[in-house]
Each structure stands twice: as C-alpha cells, then as structure tokens.
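Q: One file: target.cif (mmCIF, C-alpha atoms and all ligand atoms).
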data_final
loop_
_atom_site.group_PDB
_atom_site.id
_atom_site.type_symbol
_atom_site.label_atom_id
_atom_site.label_comp_id
_atom_site.auth_asym_id
_atom_site.auth_seq_id
_atom_site.Cartn_x
_atom_site.Cartn_y
_atom_site.Cartn_z
ATOM 1 C CA MET A 1212 -123.178 64.712 187.328
ATOM 2 C CA ALA A 1213 -125.043 67.796 188.274
ATOM 3 C CA LEU A 1214 -124.507 70.978 190.162
ATOM 4 C CA ARG A 1215 -126.165 71.110 193.556
ATOM 5 C CA GLN A 1216 -127.443 74.194 195.252
ATOM 6 C CA ILE A 1217 -125.055 75.474 197.905
ATOM 7 C CA ARG A 1218 -126.866 76.225 201.136
ATOM 8 C CA THR A 1219 -125.948 79.491 202.775
ATOM 9 C CA GLU A 1220 -125.698 80.660 206.348
ATOM 10 C CA GLY A 1221 -129.116 80.828 207.965
ATOM 11 C CA ASP A 1222 -130.128 77.469 206.523
ATOM 12 C CA SER A 1223 -130.536 75.185 209.533
ATOM 13 C CA VAL A 1224 -128.977 72.241 207.670
ATOM 14 C CA LEU A 1225 -125.594 73.915 208.227
ATOM 15 C CA THR A 1226 -125.930 73.742 212.010
ATOM 16 C CA LYS A 1227 -126.675 70.015 212.331
ATOM 17 C CA VAL A 1228 -124.320 67.177 213.182
ATOM 18 C CA CYS A 1229 -123.919 64.814 210.215
ATOM 19 C CA LYS A 1230 -124.371 61.056 210.370
ATOM 20 C CA PRO A 1231 -121.580 58.613 209.521
ATOM 21 C CA VAL A 1232 -121.646 56.711 206.248
ATOM 22 C CA THR A 1233 -121.925 52.969 206.909
ATOM 23 C CA LYS A 1234 -122.359 51.738 203.355
ATOM 24 C CA MET A 1235 -121.427 53.172 199.985
ATOM 25 C CA THR A 1236 -124.307 53.364 197.542
ATOM 26 C CA PRO A 1237 -124.713 54.553 193.946
ATOM 27 C CA ARG A 1238 -126.609 57.507 195.343
ATOM 28 C CA LEU A 1239 -123.694 58.524 197.560
ATOM 29 C CA GLN A 1240 -121.259 58.085 194.643
ATOM 30 C CA GLU A 1241 -123.434 60.456 192.667
ATOM 31 C CA LEU A 1242 -123.459 62.872 195.600
ATOM 32 C CA ILE A 1243 -119.638 62.824 195.716
ATOM 33 C CA ASP A 1244 -119.381 63.483 191.960
ATOM 34 C CA ASP A 1245 -121.880 66.307 192.285
ATOM 35 C CA MET A 1246 -120.030 67.780 195.268
ATOM 36 C CA LEU A 1247 -116.751 67.865 193.315
ATOM 37 C CA GLU A 1248 -118.445 69.448 190.321
ATOM 38 C CA THR A 1249 -120.230 71.980 192.520
ATOM 39 C CA MET A 1250 -117.007 72.855 194.362
ATOM 40 C CA TYR A 1251 -115.040 73.434 191.141
ATOM 41 C CA ASP A 1252 -117.912 75.392 189.602
ATOM 42 C CA ALA A 1253 -117.924 77.722 192.613
ATOM 43 C CA TYR A 1254 -114.098 78.070 192.598
ATOM 44 C CA GLY A 1255 -113.965 76.563 196.067
ATOM 45 C CA VAL A 1256 -111.232 74.399 197.545
ATOM 46 C CA GLY A 1257 -113.543 72.333 199.690
ATOM 47 C CA LEU A 1258 -117.172 71.397 200.154
ATOM 48 C CA ALA A 1259 -118.978 69.390 202.809
ATOM 49 C CA ALA A 1260 -122.179 67.395 202.268
ATOM 50 C CA PRO A 1261 -124.337 69.574 204.565
ATOM 51 C CA GLN A 1262 -123.489 72.524 202.305
ATOM 52 C CA VAL A 1263 -125.551 70.795 199.626
ATOM 53 C CA GLY A 1264 -128.228 69.780 202.120
ATOM 54 C CA VAL A 1265 -127.096 66.227 202.892
ATOM 55 C CA LEU A 1266 -126.416 65.401 206.545
ATOM 56 C CA ARG A 1267 -123.720 62.792 205.945
ATOM 57 C CA ARG A 1268 -120.081 62.810 207.023
ATOM 58 C CA ILE A 1269 -118.635 63.379 203.550
ATOM 59 C CA CYS A 1270 -116.481 66.183 202.258
ATOM 60 C CA VAL A 1271 -114.316 66.909 199.247
ATOM 61 C CA ILE A 1272 -111.180 69.053 199.125
ATOM 62 C CA ASP A 1273 -108.879 70.116 196.312
ATOM 63 C CA VAL A 1274 -106.534 72.931 197.257
ATOM 64 C CA ASP A 1275 -104.488 73.047 194.034
ATOM 65 C CA GLY A 1276 -107.011 71.990 191.409
ATOM 66 C CA GLU A 1277 -105.083 68.789 190.767
ATOM 67 C CA HIS A 1278 -105.484 66.599 193.822
ATOM 68 C CA PRO A 1279 -109.109 65.999 194.752
ATOM 69 C CA TYR A 1280 -109.600 64.253 198.071
ATOM 70 C CA VAL A 1281 -112.783 62.592 199.237
ATOM 71 C CA PHE A 1282 -113.119 62.184 202.995
ATOM 72 C CA ILE A 1283 -115.787 59.946 204.456
ATOM 73 C CA ASN A 1284 -116.210 59.774 208.244
ATOM 74 C CA PRO A 1285 -112.975 61.742 208.732
ATOM 75 C CA GLU A 1286 -111.239 62.206 212.048
ATOM 76 C CA ILE A 1287 -108.215 64.216 213.060
ATOM 77 C CA LEU A 1288 -105.739 61.922 214.791
ATOM 78 C CA GLU A 1289 -103.012 64.443 215.521
ATOM 79 C CA GLN A 1290 -102.484 68.135 215.113
ATOM 80 C CA GLU A 1291 -99.419 70.305 215.438
ATOM 81 C CA GLY A 1292 -98.468 73.958 215.283
ATOM 82 C CA GLU A 1293 -100.570 76.935 214.395
ATOM 83 C CA GLN A 1294 -101.367 79.049 211.327
ATOM 84 C CA THR A 1295 -103.361 82.256 211.326
ATOM 85 C CA GLY A 1296 -104.778 83.436 208.045
ATOM 86 C CA GLY A 1297 -107.724 84.289 205.867
ATOM 87 C CA GLU A 1298 -110.523 81.836 205.369
ATOM 88 C CA GLY A 1299 -113.728 81.871 203.373
ATOM 89 C CA CYS A 1300 -116.697 79.574 202.943
ATOM 90 C CA LEU A 1301 -118.981 78.919 199.990
ATOM 91 C CA SER A 1302 -121.876 79.046 202.459
ATOM 92 C CA ILE A 1303 -120.916 82.579 203.531
ATOM 93 C CA PRO A 1304 -120.388 84.093 200.088
ATOM 94 C CA GLY A 1305 -118.325 87.245 199.639
ATOM 95 C CA LYS A 1306 -116.834 87.209 203.129
ATOM 96 C CA VAL A 1307 -113.477 86.386 204.636
ATOM 97 C CA GLY A 1308 -112.281 86.113 208.188
ATOM 98 C CA THR A 1309 -109.092 85.494 210.093
ATOM 99 C CA VAL A 1310 -108.945 82.044 211.607
ATOM 100 C CA THR A 1311 -106.230 80.226 213.535
ATOM 101 C CA ARG A 1312 -105.912 76.541 212.675
ATOM 102 C CA PRO A 1313 -103.293 73.840 213.225
ATOM 103 C CA GLN A 1314 -100.332 74.030 210.839
ATOM 104 C CA ARG A 1315 -100.351 70.272 210.362
ATOM 105 C CA VAL A 1316 -102.950 67.582 210.883
ATOM 106 C CA LYS A 1317 -102.951 63.836 210.548
ATOM 107 C CA VAL A 1318 -106.290 62.627 209.260
ATOM 108 C CA ARG A 1319 -107.891 59.221 209.026
ATOM 109 C CA ALA A 1320 -110.899 58.725 206.759
ATOM 110 C CA LEU A 1321 -112.475 56.408 204.239
ATOM 111 C CA ASP A 1322 -112.171 57.092 200.530
ATOM 112 C CA ARG A 1323 -115.051 56.733 198.076
ATOM 113 C CA ASN A 1324 -114.397 52.972 197.909
ATOM 114 C CA MET A 1325 -114.784 52.839 201.698
ATOM 115 C CA GLU A 1326 -111.068 52.059 202.026
ATOM 116 C CA GLU A 1327 -109.390 53.573 205.038
ATOM 117 C CA PHE A 1328 -106.520 55.988 204.452
ATOM 118 C CA GLU A 1329 -104.400 58.355 206.468
ATOM 119 C CA LEU A 1330 -103.188 61.715 205.278
ATOM 120 C CA GLU A 1331 -100.682 64.133 206.731
ATOM 121 C CA ALA A 1332 -101.723 67.590 205.628
ATOM 122 C CA GLU A 1333 -100.155 70.980 206.181
ATOM 123 C CA ASP A 1334 -100.709 74.622 205.296
ATOM 124 C CA LEU A 1335 -103.869 75.198 203.231
ATOM 125 C CA LEU A 1336 -104.725 71.503 203.069
ATOM 126 C CA ALA A 1337 -104.626 71.281 206.877
ATOM 127 C CA ARG A 1338 -106.771 74.409 207.107
ATOM 128 C CA ALA A 1339 -109.245 73.007 204.585
ATOM 129 C CA CYS A 1340 -109.511 69.708 206.472
ATOM 130 C CA CYS A 1341 -110.283 71.515 209.741
ATOM 131 C CA HIS A 1342 -112.792 73.806 208.024
ATOM 132 C CA GLU A 1343 -114.630 70.986 206.225
ATOM 133 C CA PHE A 1344 -114.656 68.637 209.201
ATOM 134 C CA ASP A 1345 -116.169 71.456 211.268
ATOM 135 C CA HIS A 1346 -119.040 71.578 208.754
ATOM 136 C CA LEU A 1347 -119.778 67.927 209.585
ATOM 137 C CA GLU A 1348 -120.263 68.991 213.213
ATOM 138 C CA GLY A 1349 -122.567 71.835 212.224
ATOM 139 C CA HIS A 1350 -119.973 74.573 212.738
ATOM 140 C CA LEU A 1351 -119.111 77.508 210.490
ATOM 141 C CA TYR A 1352 -115.791 79.363 210.596
ATOM 142 C CA ARG A 1353 -117.549 82.560 211.654
ATOM 143 C CA GLU A 1354 -117.814 81.056 215.146
ATOM 144 C CA ILE A 1355 -114.030 80.977 215.552
ATOM 145 C CA ALA A 1356 -112.979 83.910 213.356
ATOM 146 C CA GLU A 1357 -111.194 86.835 214.982
ATOM 147 C CA GLY A 1358 -113.718 89.658 215.059
ATOM 148 C CA PRO A 1359 -116.374 90.211 212.400
ATOM 149 C CA LEU A 1360 -116.014 88.829 208.881
ATOM 150 C CA ARG A 1361 -114.806 91.222 206.238
ATOM 151 C CA ASP A 1362 -115.934 91.891 202.690
ATOM 152 C CA ALA A 1363 -113.848 89.715 200.364
ATOM 153 C CA GLU A 1364 -113.788 92.294 197.556
ATOM 154 C CA GLU A 1365 -112.452 95.079 199.764
ATOM 155 C CA GLU A 1366 -109.884 92.660 201.097
ATOM 156 C CA GLU A 1367 -108.586 91.984 197.577
ATOM 157 C CA GLU A 1368 -108.118 95.672 196.866
ATOM 158 C CA GLU A 1369 -106.166 96.159 200.072
ATOM 159 C CA GLU A 1370 -103.987 93.090 199.759
ATOM 160 C CA THR A 1371 -102.406 93.724 196.381
ATOM 161 C CA GLY A 1372 -100.814 90.643 194.969
ATOM 162 C CA GLU A 1373 -102.240 88.400 197.640
ATOM 163 C CA GLY A 1374 -105.171 87.090 195.614
ATOM 164 C CA THR A 1375 -108.469 85.915 196.985
ATOM 165 C CA GLU A 1376 -108.925 83.819 200.043
ATOM 166 C CA ALA A 1377 -109.848 80.231 199.404
ATOM 167 C CA ALA A 1378 -113.517 79.487 199.916
ATOM 168 C CA GLU A 1379 -114.422 76.152 201.416
HETATM 169 NI NI NI A 1401 -117.220 76.157 204.401
#
So, in terms of structure tokens, how does the structure I just supplied come out?
Ligand code: NI
A:
Amino acid sequence: MALRQIRTEGDSVLTKVCKPVTKMTPRLQELIDDMLETMYDAYGVGLAAPQVGVLRRICVIDVDGEHPYVFINPEILEQEGEQTGGEGCLSIPGKVGTVTRPQRVKVRALDRNMEEFELEAEDLLARACCHEFDHLEGHLYREIAEGPLRDAEEEEEEETGEGTEAAE
C-alpha cells in the first residue's frame, strides 16, 4: 500500500465525470487499499478516486474509524429528510461550509469483490455518501454550500466542544 497525492481544488480531474468499473483488477484493488490508507492518513472520513487522480466510480468511507466501506458504481436509490451542517473536503483543505443533505439515503453499490450490496445510511454516513458520490460526478461541496466557505481553524475556536468538521 502507498499514500497517494490528494488533488486539490483547481485540478481539472476533480471536475470530470468518472467512468464505471466493469471489471475488478489487481490494479484497482491496489487503488482501493491506497485510497483507504490515504484517507486515514489525512484524517478524512471519505475519499473518492478522482481525488487521487483516477476517474473511476470508486469511493471509500469510514465515518467512525471502524467501519470502512468501499463503494463501486454507487447509486442513491432513495433519500429522505434533511440535515444541515458543516462539511469539509480533503480537496479543499482547511475550509468548512454549511451544506444541506438528506438525513437518510438508501444506496446500492458493488463492493471490492464486485458483489452488489445495499446500505441504508443516516446522519454523517448519509452525508458522506452524498459528498463522495458527488465527487464521481465532478462536483465539489462548495457548489452547494450556503455562502462562502469558512476557515476551519477559526470555526474550531468559535465552536467550543464541537470538534472539527469531517473532511471527505
Ligand atoms: Ni470531498
């Protein structure tokens, strides 16, 4: 496994629509391992393949540090409710923004063995799914954030006890 370089806003790879995965390969398995390692190394809760320069519909999410999910060719089947809260992105380092997302989503995807699974996610996991799947369409959360993004460090000082926003 190896750390991959995280592409940041301004890199055109982040604005492209990713291609579906049709066949698992050793190279893609290595990519997935590297994405997980890179996400944990950066203290993120999610990472999408375009963020490491690969235009494939793959993302990884782990919102509690104990349950890593790999999503290949994910789609949101159902969504319900609304949550408004802080969101960050490893490709927009040091910033947070307020984003409204569904409270719950039902997702269908393939796992790293190309087996189909469905997942009902809520709260942060639902937010992370929406955020990562947007990356696969070439979208960053800045596009849907309320107003301009804020400085994450200043935010921490103001919100005592709230901790940092999750970066995805
Ligand atoms: Ni992101």
Q: Which value, in Å to one decimal, gives the distance between CA of Ile1355 in chain A and CA of Ala1377 in chain A?
A: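 Between CA of Ile1355 in chain A and CA of Ala1377 in chain A the gap works out to 16.7 Å.
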Q: Selection in question (the file shown): the PyMOL selection byres (((not hetatm)) within 7 of (chain A and resi 1401)). Which residues does it include, as a ChimeraX atom specification?
A: /A:1258,1299-1302,1342-1343,1346,1351,1378-1379
Q: Excluding Ser1223 in chain A and its own-chain neighbours fewer than 2 positions away, which residues fall within 12 Å of it when counting all atoms listed in the file? Please give them as an MDAnalysis selection string.
A: chainID A and resid 1218:1221 1225:1228 1261:1266 1302 1349:1351
Q: Might you spell out which residues the PyMOL selection byres (((chain A and resi 1281-1289) around 7) and not hetatm) would select in the displayed file, as number ranges by chain?
A: A: 1231-1232, 1268-1272, 1279-1280, 1290-1291, 1316-1323
Q: From the list A:Gly1297, A:Glu1364, A:Pro1304, A:Leu1239, which residue is nearest Tyr1254 in chain A when using all atoms listed in the file?
A: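 Among the listed residues, A:Pro1304 lies closest to Tyr1254 in chain A.
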Q: CA of Ala1213 in chain A to CA of Tyr1251 in chain A: how many Å, to one decimal?
A: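 Spanning CA of Ala1213 in chain A to CA of Tyr1251 in chain A is a straight-line distance of 11.8 Å.
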Q: For His1278 in chain A, which residue out of A:Thr1295, A:Glu1348, A:Leu1336, A:Glu1326 is the nearest one, using all atoms listed in the file?
A: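 For His1278 in chain A, the nearest of the given residues is A:Leu1336.
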